[in-house]
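Below you'll find the structure, written out as structure tokens, and then a few comments.
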Amino acid sequence: MKILILGGYGVFGGRLARLLSDLSGIELLICGRNAQAAQAFCDNYEGAPRVRPRVMDRQQIAAALQAEQPDLVVDASGPFQEYGEQRYQVVEACIAARISYLDFADAADFVFDVAQFDAQARAAGVFVLSGVSSFPVLTAAVLREMANTMDLVAVEGGIAPSPYAGIGLNVMRAVVGYAGAPVKLQREGRRGHGVGLAESRRFTIAVPGKLPLRNLHFSLVDVPDLQVIPPEHPTLTDIWMGAGPVPEVLHRVLNLLARARARFRLPSLVPLSRLFYSVLNLMKFGEHRGGMYVRAQGLRDGEPCELSWHLLAEGDDGPYIPSMAIEAVIRKLLNGERPAPGARAAIHALELSDYQALFDGRSIHTGFRREDVGASLYRQVLGSAFATLPPQVQALHHGSEPRRWSGVSQVRRGSGMLARAIAAVIGFPPAGANVPVTVAFHPENGGERWTRDFSGRRFTSWQRRGAGRNDALLVERFGVIDVALALVVEGDRLSLVPRRWSCLGIPLPNALLPKGATFETEVDGRFIFDVEIAAPLVGLIVAYRGSLLPE
């Protein structure tokens, strides 16, 4: 199979070529206007396919198709929002040459209107699929899964790229181009408009049992989902899609410019795209992690319900997700699974199970979350991951009624003056071996009061489900200090990972956040706890470990 990739050395085209690196029976034509970049990509390419550079632009597509006779064309160039009056030039050339076509289009109008070529594509016996990327293919697959259990009424979603993912100049031009401009969407059951990058909301992407992303700021983006998904779900009245790039300070600058453009009817911000492109690609700091979410509100058996789907991608795996949809279609083609002829948005190209097969073997994790207000505190935070905990860990955190567990422990204390002072204020026990310990749990204000008694030395904390910036976290209060903890399931351990802290509701610097290796597990039918509390500039404050059984 010969595949011609427009923009083959760019961000998305290059990643697609790398995803196909194990396929020996294909040839990849790496096309673009920059001969040096195309040749350099091919020289550095490592993989089984034959790769060959070709210098061309979109205006030369017809001649290139006649000369090369590829089996498939992939348009990974863009920005699709700026293709002008002849925006479907490549599509029309492919149909005329009877060559099938896929693209990465993120322009809502471009993807929605490609159906105008359906009759011609059918007559030519080729498929033309537009928008073959996370937005809208993955979103649509998730929503079909959700629609099996509920009638969808309101949908929102967002993508949060890693700060290290990098962003192409064409993508930045597209985003900056619709900043402050009308964005078509559906609201309250009617077609309407939002304002690109001027409408924002926050969300925490949290796959059950995995370390969540920080609570992120998402802003409205003009993606195909807004137009192609509503017709798929008759009960759907509202849809909103956003992006949550970091650093947030740069994101908020773009928000302000978008609002200013909308209010004062300023010209397009496209001239600023290179500036934003340069700054964003320079400001690479923080966690090398990204994610995506889809949240739906609807009705199940006539009762309101809510369901959310979360995706977390660690390290370098996340940036490849937008290219995986076309990868999957190509692999299906090689296996004899060919999309039906016709021109359409690609929302039915893949199912969620197809994506899961692509994610296997990578550091990409997904999961659904349901609201269950009647569940125990830890079950609410952990979601479906709660059921994977060892039986005794589940038993200790099951239910919300008063209960007591007791056992023995070993206690270590920090020796520094500041560590001793902090331990004394909170009431941590003195160092000792084989110390009898009892933990009493009592419901309090929607959470739990934990009272720990180490041989007569008592200290308490109040645990509750986090909200707002602490959403999907467990918040534990010691006096006037709140520590927000992520509940992470690792094998047979439940780890408690500090993520944020505050004093009297005022956020404190994360650089000084107390940390330590704290986990719970089960050994020989006994609940095992291992708690370590340390802080920068202070060192170890206290560490205690031991076992408990229910009284």
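Ordered as shown in the structure tokens, chains take letters A, B, and onward, while each chain numbers its residues from 1 and ligands are numbered from 1 in the order shown.
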
Region 339-345 of chain A surroundings by only C-alpha atoms, 9 Å radius, close-in-sequence under 2 positions cut, as a compact mmCIF listing (two decimals) with all heavy atoms, in the first residue's frame:
```txt
# COMPACT_ATOMS: atom_id res chain seq x y z
N SER A 100 -8.96 6.95 -2.20
CA SER A 100 -9.61 7.25 -0.92
C SER A 100 -8.80 8.27 -0.12
O SER A 100 -7.59 8.45 -0.33
CB SER A 100 -9.79 5.96 -0.11
OG SER A 100 -10.77 5.14 -0.72
N VAL A 111 -15.40 19.77 8.34
CA VAL A 111 -15.79 18.38 8.56
C VAL A 111 -17.28 18.19 8.31
O VAL A 111 -17.71 17.22 7.68
CB VAL A 111 -15.41 17.94 9.99
CG1 VAL A 111 -15.91 16.52 10.27
CG2 VAL A 111 -13.90 18.02 10.17
N PHE A 112 -18.09 19.12 8.80
CA PHE A 112 -19.55 18.98 8.67
C PHE A 112 -19.98 19.02 7.21
O PHE A 112 -20.87 18.26 6.78
CB PHE A 112 -20.24 20.10 9.45
CG PHE A 112 -21.73 19.97 9.52
CD1 PHE A 112 -22.32 19.05 10.37
CD2 PHE A 112 -22.54 20.77 8.73
CE1 PHE A 112 -23.70 18.92 10.43
CE2 PHE A 112 -23.92 20.65 8.78
CZ PHE A 112 -24.50 19.72 9.64
N ASP A 113 -19.36 19.87 6.42
CA ASP A 113 -19.80 20.09 5.04
C ASP A 113 -19.18 19.10 4.05
O ASP A 113 -19.55 19.13 2.86
CB ASP A 113 -19.46 21.51 4.59
CG ASP A 113 -20.31 22.55 5.30
OD1 ASP A 113 -21.40 22.19 5.80
OD2 ASP A 113 -19.88 23.72 5.39
N VAL A 114 -18.28 18.23 4.49
CA VAL A 114 -17.66 17.30 3.54
C VAL A 114 -18.69 16.33 2.97
O VAL A 114 -18.49 15.73 1.90
CB VAL A 114 -16.50 16.53 4.22
CG1 VAL A 114 -17.03 15.40 5.10
CG2 VAL A 114 -15.51 16.00 3.19
N ALA A 115 -19.83 16.19 3.67
CA ALA A 115 -20.89 15.28 3.19
C ALA A 115 -21.46 15.69 1.84
O ALA A 115 -22.11 14.88 1.17
CB ALA A 115 -22.00 15.19 4.23
N GLN A 116 -21.19 16.91 1.40
CA GLN A 116 -21.69 17.36 0.09
C GLN A 116 -21.08 16.54 -1.05
O GLN A 116 -21.61 16.53 -2.17
CB GLN A 116 -21.39 18.84 -0.11
CG GLN A 116 -19.91 19.17 -0.21
CD GLN A 116 -19.64 20.65 -0.30
OE1 GLN A 116 -19.79 21.25 -1.37
NE2 GLN A 116 -19.25 21.26 0.82
N PHE A 117 -19.98 15.84 -0.76
CA PHE A 117 -19.32 15.03 -1.79
C PHE A 117 -19.69 13.56 -1.68
O PHE A 117 -19.05 12.72 -2.32
CB PHE A 117 -17.80 15.19 -1.68
CG PHE A 117 -17.32 16.59 -1.89
CD1 PHE A 117 -17.00 17.40 -0.81
CD2 PHE A 117 -17.21 17.12 -3.17
CE1 PHE A 117 -16.56 18.70 -1.00
CE2 PHE A 117 -16.77 18.42 -3.37
CZ PHE A 117 -16.46 19.22 -2.28
N ASP A 118 -20.71 13.25 -0.91
CA ASP A 118 -21.04 11.85 -0.66
C ASP A 118 -21.41 11.12 -1.95
O ASP A 118 -20.92 10.01 -2.22
CB ASP A 118 -22.19 11.77 0.35
CG ASP A 118 -22.48 10.34 0.75
OD1 ASP A 118 -21.56 9.64 1.21
OD2 ASP A 118 -23.65 9.91 0.59
N ALA A 119 -22.27 11.73 -2.78
CA ALA A 119 -22.71 11.06 -4.00
C ALA A 119 -21.54 10.82 -4.95
O ALA A 119 -21.40 9.73 -5.54
CB ALA A 119 -23.80 11.88 -4.69
N GLN A 120 -20.68 11.83 -5.10
CA GLN A 120 -19.53 11.67 -5.99
C GLN A 120 -18.58 10.58 -5.50
O GLN A 120 -18.05 9.79 -6.29
CB GLN A 120 -18.76 12.99 -6.12
CG GLN A 120 -19.56 14.12 -6.75
CD GLN A 120 -20.17 15.05 -5.71
OE1 GLN A 120 -20.86 14.59 -4.80
NE2 GLN A 120 -19.91 16.34 -5.85
N ALA A 121 -18.36 10.54 -4.18
CA ALA A 121 -17.46 9.53 -3.64
C ALA A 121 -18.04 8.13 -3.81
O ALA A 121 -17.31 7.18 -4.14
CB ALA A 121 -17.19 9.82 -2.16
N ARG A 122 -19.33 7.99 -3.60
CA ARG A 122 -19.97 6.69 -3.80
C ARG A 122 -19.84 6.25 -5.27
O ARG A 122 -19.54 5.09 -5.56
CB ARG A 122 -21.44 6.76 -3.41
CG ARG A 122 -21.70 6.87 -1.91
CD ARG A 122 -23.19 7.06 -1.64
NE ARG A 122 -23.45 7.27 -0.23
CZ ARG A 122 -23.71 6.29 0.63
NH1 ARG A 122 -23.74 5.03 0.21
NH2 ARG A 122 -23.94 6.57 1.89
N ALA A 123 -20.08 7.18 -6.18
CA ALA A 123 -20.00 6.85 -7.60
C ALA A 123 -18.57 6.42 -7.99
O ALA A 123 -18.38 5.55 -8.85
CB ALA A 123 -20.44 8.04 -8.44
N ALA A 124 -17.57 7.04 -7.33
CA ALA A 124 -16.18 6.71 -7.62
C ALA A 124 -15.72 5.46 -6.88
O ALA A 124 -14.61 4.95 -7.13
CB ALA A 124 -15.28 7.89 -7.26
N GLY A 125 -16.53 4.99 -5.91
CA GLY A 125 -16.17 3.80 -5.15
C GLY A 125 -15.08 4.03 -4.13
O GLY A 125 -14.35 3.09 -3.78
N VAL A 126 -14.97 5.27 -3.62
CA VAL A 126 -13.93 5.59 -2.64
C VAL A 126 -14.58 6.14 -1.37
O VAL A 126 -15.72 6.60 -1.39
CB VAL A 126 -12.92 6.62 -3.19
CG1 VAL A 126 -12.22 6.06 -4.42
CG2 VAL A 126 -13.60 7.95 -3.52
N PHE A 127 -13.82 6.11 -0.28
CA PHE A 127 -14.29 6.72 0.96
C PHE A 127 -13.53 8.02 1.21
O PHE A 127 -12.33 8.13 0.91
CB PHE A 127 -14.16 5.76 2.15
CG PHE A 127 -12.76 5.29 2.45
CD1 PHE A 127 -11.87 6.06 3.19
CD2 PHE A 127 -12.33 4.04 1.98
CE1 PHE A 127 -10.60 5.61 3.48
CE2 PHE A 127 -11.04 3.59 2.26
CZ PHE A 127 -10.18 4.38 3.01
N VAL A 128 -14.24 8.99 1.73
CA VAL A 128 -13.68 10.28 2.12
C VAL A 128 -14.12 10.51 3.56
O VAL A 128 -15.29 10.80 3.82
CB VAL A 128 -14.18 11.42 1.20
CG1 VAL A 128 -13.73 12.78 1.74
CG2 VAL A 128 -13.69 11.20 -0.22
N LEU A 129 -13.20 10.36 4.49
CA LEU A 129 -13.50 10.52 5.92
C LEU A 129 -12.76 11.74 6.44
O LEU A 129 -11.53 11.83 6.34
CB LEU A 129 -13.08 9.29 6.72
CG LEU A 129 -13.71 7.95 6.31
CD1 LEU A 129 -13.26 6.85 7.26
CD2 LEU A 129 -15.23 8.05 6.31
N SER A 130 -13.51 12.68 7.00
CA SER A 130 -12.92 13.92 7.50
C SER A 130 -13.01 13.98 9.02
O SER A 130 -13.97 13.49 9.62
CB SER A 130 -13.66 15.12 6.89
OG SER A 130 -13.02 16.32 7.24
N GLY A 131 -12.01 14.60 9.64
CA GLY A 131 -11.98 14.71 11.10
C GLY A 131 -11.59 13.41 11.76
O GLY A 131 -12.15 13.05 12.80
N VAL A 132 -10.61 12.70 11.19
CA VAL A 132 -10.22 11.39 11.74
C VAL A 132 -9.19 11.62 12.84
O VAL A 132 -7.98 11.39 12.68
CB VAL A 132 -9.67 10.46 10.64
CG1 VAL A 132 -9.62 9.02 11.15
CG2 VAL A 132 -10.53 10.55 9.39
N PRO A 136 -13.47 14.44 16.24
CA PRO A 136 -14.60 13.94 17.02
C PRO A 136 -14.68 12.41 17.16
O PRO A 136 -15.62 11.90 17.73
CB PRO A 136 -15.78 14.39 16.15
CG PRO A 136 -15.27 14.19 14.75
CD PRO A 136 -13.79 14.49 14.79
N VAL A 137 -13.70 11.64 16.62
CA VAL A 137 -13.86 10.19 16.55
C VAL A 137 -13.91 9.56 17.94
O VAL A 137 -14.80 8.74 18.24
CB VAL A 137 -12.73 9.56 15.71
CG1 VAL A 137 -12.88 8.04 15.67
CG2 VAL A 137 -12.74 10.13 14.30
N PRO A 224 -15.04 19.83 15.37
CA PRO A 224 -16.16 19.21 14.65
C PRO A 224 -17.25 18.64 15.53
O PRO A 224 -18.42 18.61 15.13
CB PRO A 224 -15.46 18.11 13.83
CG PRO A 224 -14.05 18.57 13.67
CD PRO A 224 -13.73 19.31 14.93
N VAL A 228 -21.19 17.79 14.45
CA VAL A 228 -21.49 16.45 13.91
C VAL A 228 -22.07 15.50 14.94
O VAL A 228 -22.68 14.48 14.57
CB VAL A 228 -20.23 15.83 13.26
CG1 VAL A 228 -19.73 16.70 12.13
CG2 VAL A 228 -19.13 15.58 14.28
N VAL A 329 -7.45 3.07 11.16
CA VAL A 329 -8.13 2.88 9.88
C VAL A 329 -7.19 2.21 8.88
O VAL A 329 -7.58 1.30 8.13
CB VAL A 329 -8.65 4.23 9.34
CG1 VAL A 329 -9.20 4.05 7.92
CG2 VAL A 329 -9.73 4.79 10.25
N LYS A 332 -6.81 -1.42 9.71
CA LYS A 332 -8.02 -2.14 9.30
C LYS A 332 -8.01 -2.37 7.78
O LYS A 332 -8.40 -3.45 7.30
CB LYS A 332 -9.27 -1.35 9.71
CG LYS A 332 -9.61 -1.44 11.20
CD LYS A 332 -10.79 -0.54 11.51
CE LYS A 332 -11.23 -0.70 12.96
NZ LYS A 332 -12.02 -1.94 13.15
N LEU A 333 -7.57 -1.37 7.01
CA LEU A 333 -7.49 -1.53 5.56
C LEU A 333 -6.56 -2.68 5.20
O LEU A 333 -6.86 -3.50 4.31
CB LEU A 333 -6.99 -0.24 4.93
CG LEU A 333 -8.00 0.90 4.74
CD1 LEU A 333 -7.27 2.18 4.33
CD2 LEU A 333 -9.04 0.53 3.70
N GLU A 337 -10.52 -4.67 6.11
CA GLU A 337 -11.71 -3.96 6.60
C GLU A 337 -11.72 -2.56 6.00
O GLU A 337 -10.97 -1.69 6.44
CB GLU A 337 -11.71 -3.88 8.12
CG GLU A 337 -11.74 -5.23 8.82
CD GLU A 337 -11.72 -5.08 10.33
OE1 GLU A 337 -12.54 -4.31 10.87
OE2 GLU A 337 -10.87 -5.72 10.98
N ILE A 347 -17.12 10.11 12.41
CA ILE A 347 -17.53 9.79 13.77
C ILE A 347 -17.82 8.31 13.99
O ILE A 347 -17.83 7.84 15.13
CB ILE A 347 -18.74 10.64 14.20
CG1 ILE A 347 -19.87 10.53 13.19
CG2 ILE A 347 -18.34 12.08 14.41
CD1 ILE A 347 -21.12 11.27 13.59
N HIS A 348 -18.07 7.54 12.91
CA HIS A 348 -18.34 6.11 13.07
C HIS A 348 -17.15 5.27 12.61
O HIS A 348 -17.29 4.05 12.43
CB HIS A 348 -19.59 5.71 12.28
CG HIS A 348 -20.86 6.23 12.89
ND1 HIS A 348 -21.48 5.62 13.95
CD2 HIS A 348 -21.61 7.33 12.58
CE1 HIS A 348 -22.57 6.30 14.27
NE2 HIS A 348 -22.67 7.34 13.47
N ALA A 349 -15.99 5.89 12.45
CA ALA A 349 -14.82 5.15 11.94
C ALA A 349 -14.33 4.11 12.93
O ALA A 349 -13.85 3.05 12.53
CB ALA A 349 -13.70 6.13 11.60
```

Problem set entry | Val55 (chain A) environment, 8 Å, only C-alpha atoms, sequence neighbours closer than 5 positions dropped, as a PyMOL selection string | chain A and resi 31-35+38

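The neighbours of Lys2 (chain A) here are the residues that come within 8 Å of it, using only C-alpha atoms and leaving out any residue fewer than 6 positions away in the same chain; they are Ile26, Glu27, Leu28, Leu29, Pro70, Asp71 and Leu72 of chain A.
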
Problem set entry | Backbone-only DSSP, strand (DSSP E or B) members of region 126-347 of chain A, as number ranges by chain | A: 127-130, 151-160, 182-187, 190-195, 200-203, 216-220, 238-243, 289-300, 303-314, 342-345

Exercise. Near Ala93 (chain A), counting only C-alpha atoms, which residues have an atom at most 12 Å away, once you skip same-chain residues fewer than 2 positions from it, shown as a VMD selection string?
Worked result: chain A and resid 58 to 66 69 73 86 to 91 95 to 101 117 120 to 121 124 126 128

Please produce an output containing C-alpha atoms for each residue in the selection, written as an mmCIF file, in the first residue's frame.
```
data_model
loop_
_atom_site.group_PDB
_atom_site.id
_atom_site.type_symbol
_atom_site.label_atom_id
_atom_site.label_comp_id
_atom_site.auth_asym_id
_atom_site.auth_seq_id
_atom_site.Cartn_x
_atom_site.Cartn_y
_atom_site.Cartn_z
ATOM 1 C CA ARG A 58 -1.914 21.515 -2.185
ATOM 2 C CA GLN A 59 -2.194 23.245 -5.550
ATOM 3 C CA GLN A 60 -0.197 20.417 -7.153
ATOM 4 C CA ILE A 61 -2.249 17.565 -5.705
ATOM 5 C CA ALA A 62 -3.867 16.466 -8.985
ATOM 6 C CA ALA A 63 -0.523 16.112 -10.765
ATOM 7 C CA ALA A 64 0.979 14.294 -7.777
ATOM 8 C CA LEU A 65 -1.897 11.804 -7.689
ATOM 9 C CA GLN A 66 -1.501 11.109 -11.400
ATOM 10 C CA GLN A 69 -0.996 6.683 -8.020
ATOM 11 C CA VAL A 73 -4.169 10.177 0.712
ATOM 12 C CA GLN A 86 -10.927 25.897 -2.784
ATOM 13 C CA ARG A 87 -10.825 24.265 0.619
ATOM 14 C CA TYR A 88 -11.949 20.890 -0.763
ATOM 15 C CA GLN A 89 -9.395 20.864 -3.573
ATOM 16 C CA VAL A 90 -7.658 17.744 -2.254
ATOM 17 C CA VAL A 91 -10.957 15.949 -1.633
ATOM 18 C CA ILE A 95 -12.488 11.541 -5.915
ATOM 19 C CA ALA A 96 -11.588 12.349 -9.522
ATOM 20 C CA ALA A 97 -8.567 10.028 -9.311
ATOM 21 C CA ARG A 98 -10.622 7.348 -7.507
ATOM 22 C CA ILE A 99 -8.297 7.431 -4.474
ATOM 23 C CA SER A 100 -9.610 7.246 -0.918
ATOM 24 C CA TYR A 101 -8.953 10.109 1.484
ATOM 25 C CA PHE A 117 -19.322 15.032 -1.793
ATOM 26 C CA GLN A 120 -19.534 11.669 -5.992
ATOM 27 C CA ALA A 121 -17.459 9.533 -3.637
ATOM 28 C CA ALA A 124 -16.183 6.707 -7.621
ATOM 29 C CA VAL A 126 -13.932 5.587 -2.636
ATOM 30 C CA VAL A 128 -13.683 10.283 2.119
#
```

For this session: Within 7 Å of Glu156 (chain A), counting only C-alpha atoms, which residues show up once you throw out same-chain ones fewer than 2 positions away? Write them as a list in words, please.
Result: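 Once the adjacent positions are removed, what remains is Ala154, Ile239, Trp240, Met241, Val294, Arg295 and Ala296 of chain A.
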